[in-house]
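model_34.txt (compact mmCIF, C-alpha atoms)
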```txt
# COMPACT_ATOMS: atom_id res chain seq x y z
CA MET A 3 -67.85 7.35 44.54
CA ASP A 4 -64.28 6.16 44.45
CA LEU A 5 -62.02 5.59 41.50
CA SER A 6 -62.05 2.26 39.67
CA LEU A 7 -59.23 1.13 37.43
CA SER A 8 -58.81 -1.90 35.21
CA THR A 9 -56.35 -2.67 32.47
CA ARG A 10 -56.37 -4.97 29.47
CA THR A 11 -54.15 -5.49 26.47
CA VAL A 12 -55.40 -5.05 22.93
CA GLY A 13 -52.65 -5.77 20.40
CA ASP A 14 -49.71 -3.57 21.33
CA ARG A 15 -51.92 -1.16 23.26
CA THR A 16 -52.80 -1.20 26.93
CA VAL A 17 -56.30 0.00 27.65
CA VAL A 18 -56.85 1.56 31.09
CA GLU A 19 -60.53 1.73 31.91
CA VAL A 20 -61.21 4.44 34.47
CA GLY A 21 -64.45 4.87 36.37
CA GLY A 22 -65.72 7.19 39.08
CA GLU A 23 -64.25 10.49 40.18
CA ILE A 24 -60.72 11.68 39.45
CA ASP A 25 -59.89 14.42 41.92
CA VAL A 26 -57.22 15.47 44.38
CA TYR A 27 -57.96 12.43 46.56
CA THR A 28 -58.14 9.72 43.91
CA ALA A 29 -55.72 11.05 41.26
CA PRO A 30 -52.65 9.56 42.99
CA LYS A 31 -54.09 6.07 42.32
CA LEU A 32 -54.35 6.80 38.62
CA ARG A 33 -50.83 8.24 38.65
CA GLU A 34 -49.50 5.05 40.30
CA GLN A 35 -51.27 2.93 37.72
CA LEU A 36 -49.82 4.87 34.78
CA VAL A 37 -46.33 4.90 36.29
CA GLU A 38 -46.51 1.15 36.92
CA LEU A 39 -47.59 0.44 33.34
CA VAL A 40 -44.76 2.50 31.88
CA ASN A 41 -42.26 0.90 34.26
CA ASP A 42 -43.49 -2.50 33.10
CA GLY A 43 -42.88 -1.54 29.49
CA SER A 44 -46.36 -0.52 28.31
CA TYR A 45 -45.69 2.60 26.27
CA HIS A 46 -48.85 2.78 24.16
CA LEU A 47 -51.73 3.58 26.46
CA VAL A 48 -55.40 4.18 25.81
CA VAL A 49 -57.21 5.71 28.76
CA ASP A 50 -60.92 4.98 28.49
CA MET A 51 -62.74 7.74 30.37
CA GLU A 52 -66.30 6.82 29.48
CA GLY A 53 -67.00 5.77 33.07
CA VAL A 54 -65.57 8.93 34.61
CA ASP A 55 -68.13 11.06 36.44
CA PHE A 56 -65.83 13.85 37.51
CA LEU A 57 -62.43 15.12 36.44
CA ASP A 58 -60.54 18.12 37.80
CA SER A 59 -57.18 19.75 37.18
CA THR A 60 -55.41 17.26 39.43
CA GLY A 61 -56.60 14.52 37.09
CA LEU A 62 -55.49 16.52 34.07
CA GLY A 63 -52.08 16.85 35.70
CA VAL A 64 -51.82 13.09 36.09
CA LEU A 65 -52.75 12.51 32.44
CA VAL A 66 -50.18 15.07 31.31
CA GLY A 67 -47.62 13.33 33.54
CA GLY A 68 -48.54 10.00 31.92
CA LEU A 69 -48.13 11.49 28.46
CA LYS A 70 -44.71 12.80 29.40
CA ARG A 71 -43.65 9.35 30.59
CA VAL A 72 -44.80 7.43 27.50
CA ARG A 73 -43.29 10.04 25.21
CA ALA A 74 -39.93 9.48 26.88
CA HIS A 75 -40.19 5.97 25.38
CA GLU A 76 -41.62 7.17 22.09
CA GLY A 77 -44.99 5.86 23.18
CA SER A 78 -48.47 7.34 23.03
CA LEU A 79 -51.35 8.15 25.34
CA ARG A 80 -54.78 8.37 23.78
CA LEU A 81 -58.03 9.18 25.49
CA VAL A 82 -61.50 7.86 24.87
CA CYS A 83 -64.24 10.26 25.88
CA ASN A 84 -67.65 11.27 24.57
CA GLN A 85 -68.92 13.09 27.64
CA GLU A 86 -69.39 16.77 26.99
CA ARG A 87 -68.78 17.83 30.60
CA ILE A 88 -65.43 16.05 30.66
CA LEU A 89 -64.44 17.24 27.17
CA LYS A 90 -65.17 20.80 28.24
CA ILE A 91 -62.39 20.65 30.82
CA PHE A 92 -59.89 19.58 28.16
CA ARG A 93 -61.11 22.35 25.92
CA ILE A 94 -60.87 25.23 28.39
CA THR A 95 -57.37 24.17 29.40
CA GLY A 96 -56.24 23.80 25.80
CA LEU A 97 -55.41 20.14 26.35
CA THR A 98 -57.46 19.00 23.36
CA LYS A 99 -54.36 20.01 21.40
CA VAL A 100 -52.16 17.82 23.55
CA PHE A 101 -54.17 14.61 23.75
CA PRO A 102 -55.65 12.68 20.87
CA ILE A 103 -59.26 12.16 21.99
CA HIS A 104 -61.25 9.33 20.41
CA THR A 105 -64.89 8.39 20.47
CA SER A 106 -64.32 4.67 21.02
CA VAL A 107 -61.67 2.30 22.31
CA GLU A 108 -61.65 0.54 18.91
CA ASP A 109 -60.92 3.83 17.22
CA ALA A 110 -58.13 4.68 19.69
CA VAL A 111 -56.54 1.24 19.40
CA ALA A 112 -56.59 1.42 15.60
CA ALA A 113 -55.12 4.93 15.48
CA THR A 114 -51.53 5.53 14.48
CA ASP A 115 -49.52 8.72 14.61
CA MET B 18 -74.96 35.63 56.51
CA ALA B 19 -74.18 32.57 54.47
CA THR B 20 -77.01 30.16 53.72
CA VAL B 21 -74.73 27.22 54.41
CA GLU B 22 -71.23 27.34 55.78
CA LEU B 23 -68.75 24.53 55.78
CA ARG B 24 -65.40 24.14 57.47
CA PHE B 25 -63.29 21.10 56.80
CA SER B 26 -59.84 19.84 57.72
CA ALA B 27 -57.44 20.55 54.89
CA LEU B 28 -57.32 16.98 53.58
CA PRO B 29 -57.91 15.80 50.00
CA GLU B 30 -60.63 13.33 51.02
CA HIS B 31 -62.94 16.13 52.14
CA VAL B 32 -62.89 18.06 48.88
CA ARG B 33 -65.54 15.75 47.45
CA THR B 34 -67.84 16.52 50.39
CA ALA B 35 -67.47 20.25 49.71
CA ARG B 36 -68.35 19.69 46.03
CA LEU B 37 -71.45 17.70 46.90
CA VAL B 38 -72.69 20.20 49.48
CA ALA B 39 -72.07 23.16 47.17
CA ALA B 40 -73.94 21.52 44.30
CA ALA B 41 -76.87 20.59 46.55
CA VAL B 42 -77.21 24.12 47.95
CA ALA B 43 -76.79 25.66 44.49
CA ARG B 44 -79.56 23.46 43.12
CA ARG B 45 -81.88 24.54 45.92
CA ALA B 46 -80.98 28.18 45.30
CA GLY B 47 -82.19 27.89 41.70
CA VAL B 48 -78.92 27.62 39.81
CA ASP B 49 -79.64 26.09 36.42
CA GLU B 50 -79.18 22.31 36.24
CA ALA B 51 -76.90 22.72 33.25
CA VAL B 52 -74.54 24.90 35.30
CA LEU B 53 -74.33 22.64 38.34
CA ASP B 54 -71.45 20.71 36.81
CA GLU B 55 -69.53 23.97 36.59
CA VAL B 56 -70.32 24.81 40.20
CA ARG B 57 -69.14 21.37 41.27
CA LEU B 58 -65.91 21.64 39.31
CA ALA B 59 -65.14 25.24 40.32
CA VAL B 60 -65.71 24.51 44.01
CA GLY B 61 -63.59 21.38 43.74
CA GLU B 62 -60.76 23.32 42.12
CA ALA B 63 -60.91 26.12 44.69
CA CYS B 64 -60.98 23.67 47.61
CA THR B 65 -58.18 21.58 46.11
CA ARG B 66 -56.08 24.71 45.84
CA ALA B 67 -56.86 25.73 49.43
CA VAL B 68 -56.07 22.23 50.75
CA GLY B 69 -52.79 22.24 48.83
CA LEU B 70 -51.83 25.63 50.23
CA HIS B 71 -52.63 24.58 53.80
CA LEU B 72 -50.75 21.30 53.49
CA SER B 73 -47.69 22.75 51.85
CA ASN B 74 -47.48 25.59 54.35
CA GLY B 75 -48.28 23.53 57.44
CA VAL B 76 -51.45 25.48 58.22
CA ASP B 77 -53.65 23.58 60.71
CA ALA B 78 -56.74 25.74 60.24
CA PRO B 79 -59.72 24.38 58.32
CA VAL B 80 -60.70 25.45 54.81
CA ARG B 81 -63.84 27.60 54.79
CA VAL B 82 -66.63 27.41 52.26
CA ALA B 83 -69.54 29.87 52.44
CA LEU B 84 -72.55 29.31 50.18
CA THR B 85 -74.94 32.24 49.97
CA GLU B 86 -78.27 32.66 48.24
CA GLU B 87 -78.67 36.25 47.17
CA GLU B 88 -81.48 37.98 45.36
CA LYS B 89 -80.59 37.03 41.83
CA LYS B 90 -77.42 35.11 42.28
CA PHE B 91 -75.77 32.35 44.21
CA SER B 92 -72.36 33.12 45.67
CA ILE B 93 -69.61 30.87 46.89
CA GLU B 94 -66.56 31.93 48.85
CA ILE B 95 -63.68 29.58 49.50
CA GLY B 96 -61.21 30.89 52.03
CA ASP B 97 -57.79 29.63 52.99
CA GLU B 98 -55.55 30.79 55.78
CA SER B 99 -52.28 30.31 54.00
CA PRO B 100 -50.20 33.49 54.07
CA THR B 101 -48.28 32.57 50.95
CA SER B 102 -51.36 32.19 48.79
CA ALA B 103 -50.87 35.90 48.24
CA ALA B 104 -47.97 35.61 45.94
CA LEU B 105 -49.33 32.87 43.69
CA ALA B 106 -45.63 32.63 43.61
CA PRO B 107 -44.36 34.09 40.39
CA GLY B 108 -40.94 32.60 40.00
CA ALA B 109 -41.57 30.05 42.70
CA THR B 110 -42.33 27.37 40.17
CA GLY B 111 -39.89 24.80 38.89
CA GLY B 112 -40.74 21.89 41.19
CA GLU B 113 -40.01 18.38 40.14
CA GLU B 114 -42.44 16.56 37.94
CA GLU B 115 -43.79 14.40 40.77
CA SER B 116 -45.10 17.20 42.92
CA GLU B 117 -45.61 20.31 40.82
CA PRO B 118 -47.71 22.07 43.44
CA GLU B 119 -47.46 25.47 41.82
CA GLY B 120 -48.18 24.17 38.36
CA GLU B 121 -51.32 22.33 39.44
CA ASP B 122 -52.35 25.31 41.51
CA GLU B 123 -52.22 27.49 38.43
CA MET B 124 -54.04 24.95 36.33
CA GLY B 125 -56.80 24.87 38.97
CA LEU B 126 -57.13 28.63 38.82
CA ALA B 127 -57.08 28.51 35.01
CA VAL B 128 -59.98 26.06 35.09
CA ILE B 129 -61.93 28.28 37.49
CA LYS B 130 -61.36 31.36 35.36
CA GLY B 131 -62.30 29.47 32.23
CA LEU B 132 -65.50 28.18 33.78
CA VAL B 133 -66.85 31.01 35.87
CA ASP B 134 -67.75 34.40 34.45
CA ASP B 135 -67.96 36.15 37.80
CA VAL B 136 -64.86 35.26 39.79
CA GLU B 137 -62.57 37.25 42.03
CA VAL B 138 -59.38 36.04 43.66
CA THR B 139 -58.10 38.08 46.58
CA THR B 140 -55.13 37.42 48.78
CA SER B 141 -53.67 38.93 51.90
CA GLU B 142 -51.13 38.14 54.55
CA THR B 143 -53.72 36.16 56.46
CA GLY B 144 -54.93 34.07 53.56
CA GLY B 145 -56.79 34.12 50.30
CA VAL B 146 -60.41 34.06 49.18
CA ILE B 147 -61.91 32.94 45.89
CA ARG B 148 -65.35 34.45 45.29
CA MET B 149 -67.57 33.15 42.55
CA SER B 150 -71.19 33.64 41.68
CA TRP B 151 -73.77 32.28 39.30
CA PRO B 152 -77.13 33.74 38.33
CA THR B 153 -80.24 32.06 39.68
CA SER B 154 -83.59 31.80 38.00
CA PRO B 155 -86.47 32.23 40.45
CA ASP B 156 -88.70 30.00 38.30
CA SER B 157 -86.58 26.99 38.97
CA LEU B 158 -86.58 27.39 42.75
CA VAL B 159 -86.98 24.10 44.50
CA PRO B 160 -90.04 24.31 46.78
```
Just give me the structure of the file as structure tokens.
Amino acid sequence: MDLSLSTRTVGDRTVVEVGGEIDVYTAPKLREQLVELVNDGSYHLVVDMEGVDFLDSTGLGVLVGGLKRVRAHEGSLRLVCNQERILKIFRITGLTKVFPIHTSVEDAVAATD
Amino acid sequence: MATVELRFSALPEHVRTARLVAAAVARRAGVDEAVLDEVRLAVGEACTRAVGLHLSNGVDAPVRVALTEEEKKFSIEIGDESPTSAALAPGATGGEEESEPEGEDEMGLAVIKGLVDDVEVTTSETGGVIRMSWPTSPDSLVP
């Protein structure tokens, strides 16, 4: 399965809905998408990972890169994920401390720092 | 002898194939369903690392994956032929944000070590091998 990406705007947030597998082959597409959004002035991103079947360290690297970019503009990058197997990867790498992880898009969109 | 052996060109698009094959053979060998996600992820990380090492060092050789059913465990070996995998390059980091090969390489290894209890990383001048194994339960053997 390939990677699917779609974006929509909710208030001042941009929601990126990701589906499929994020690995060494597909991660560059996600990176391009995040870079493009930041270049276009979207600095408050919500990455919805509910449709993600697989995530590896390459994908984590892209998300960290995205976070770095939005932070340069005082923005935010929030994740939406309820899948235990995906959450586990954030946990073992200590990235749960880096990313705010929400249980729903509504929750992530409503959140403030 | 390995139960199933796989050699693939060191290209990112083939890593998924290696993950799928490894998970299928592990399931047949009796690795617990709940652990198959870990097998898939660990094999993906190890193959991603090997592909990265081959690409960045201009190594034309394929990446090797050996999947072996043993008496009470299932073993996986991922071998690369990159001479520099040895170092894991302490001090060789500091790449630009866009590429970060060493950083991602280390994150991949960190994920493997976090996931797999029995893991061994060996390196030599002719390449490196990551060996991992998981226990199998005979009861759950697929007929």
For this session: Specify as a PyMOL selection string all residues of chain B found within 6 Å of chain A, counting all atoms listed in the file.
Result: chain B and resi 29-30+125+131
Using the file's own x, y and z axes, so that the box edges lie along x, y and z, what centre and edge lengths in Å (one decimal) does a box around every listed atom of stretch 16-31 of chain A get when 6 Å is added on each side? Give it as JSON.
```
{"center_x": -59.2, "center_y": 7.1, "center_z": 36.7, "size_x": 25.1, "size_y": 28.7, "size_z": 31.6}
```
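Relative to atom CA of A:Leu89, atom CA of A:Val17 is found at 19.1 Å.
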Exercise. What gap, in Å, lies between atom CA of B:Val138 and atom CA of A:Asp55?
Worked result: 27.4 Å
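If you measure from each of B:Pro152, B:Pro79, B:Pro100, B:Gly69 to B:Arg24 using all atoms listed in the file, the closest one turns out to be B:Pro79.
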Exercise. Counting only C-alpha atoms, what is within 12 Å of A:Asp109, bar same-chain residues fewer than 5 positions away, as a list in words?
Worked result: Val12, Arg15, Val48, Asp50, Arg80, Leu81, Val82, Cys83, Pro102, Ile103, His104 and Thr114 of chain A
If you keep C-alpha atoms, can you produce a file of those selected residues as an mmCIF file, keeping the file's coordinate frame?
```
data_model
loop_
_atom_site.group_PDB
_atom_site.id
_atom_site.type_symbol
_atom_site.label_atom_id
_atom_site.label_comp_id
_atom_site.auth_asym_id
_atom_site.auth_seq_id
_atom_site.Cartn_x
_atom_site.Cartn_y
_atom_site.Cartn_z
ATOM 1 C CA VAL A 12 -55.400 -5.050 22.930
ATOM 2 C CA ARG A 15 -51.920 -1.160 23.260
ATOM 3 C CA VAL A 48 -55.400 4.180 25.810
ATOM 4 C CA ASP A 50 -60.920 4.980 28.490
ATOM 5 C CA ARG A 80 -54.780 8.370 23.780
ATOM 6 C CA LEU A 81 -58.030 9.180 25.490
ATOM 7 C CA VAL A 82 -61.500 7.860 24.870
ATOM 8 C CA CYS A 83 -64.240 10.260 25.880
ATOM 9 C CA PRO A 102 -55.650 12.680 20.870
ATOM 10 C CA ILE A 103 -59.260 12.160 21.990
ATOM 11 C CA HIS A 104 -61.250 9.330 20.410
ATOM 12 C CA THR A 114 -51.530 5.530 14.480
#
```
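Each of A:Val107, A:His46, A:Gly53, A:Thr98 was checked against A:Asp4 using only C-alpha atoms; the smallest atom-to-atom distance is that of A:Gly53.
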Problem set entry | Atom-to-atom span, atom CA of B:Met149 and atom CA of B:Leu84, Å | 9.9 Å
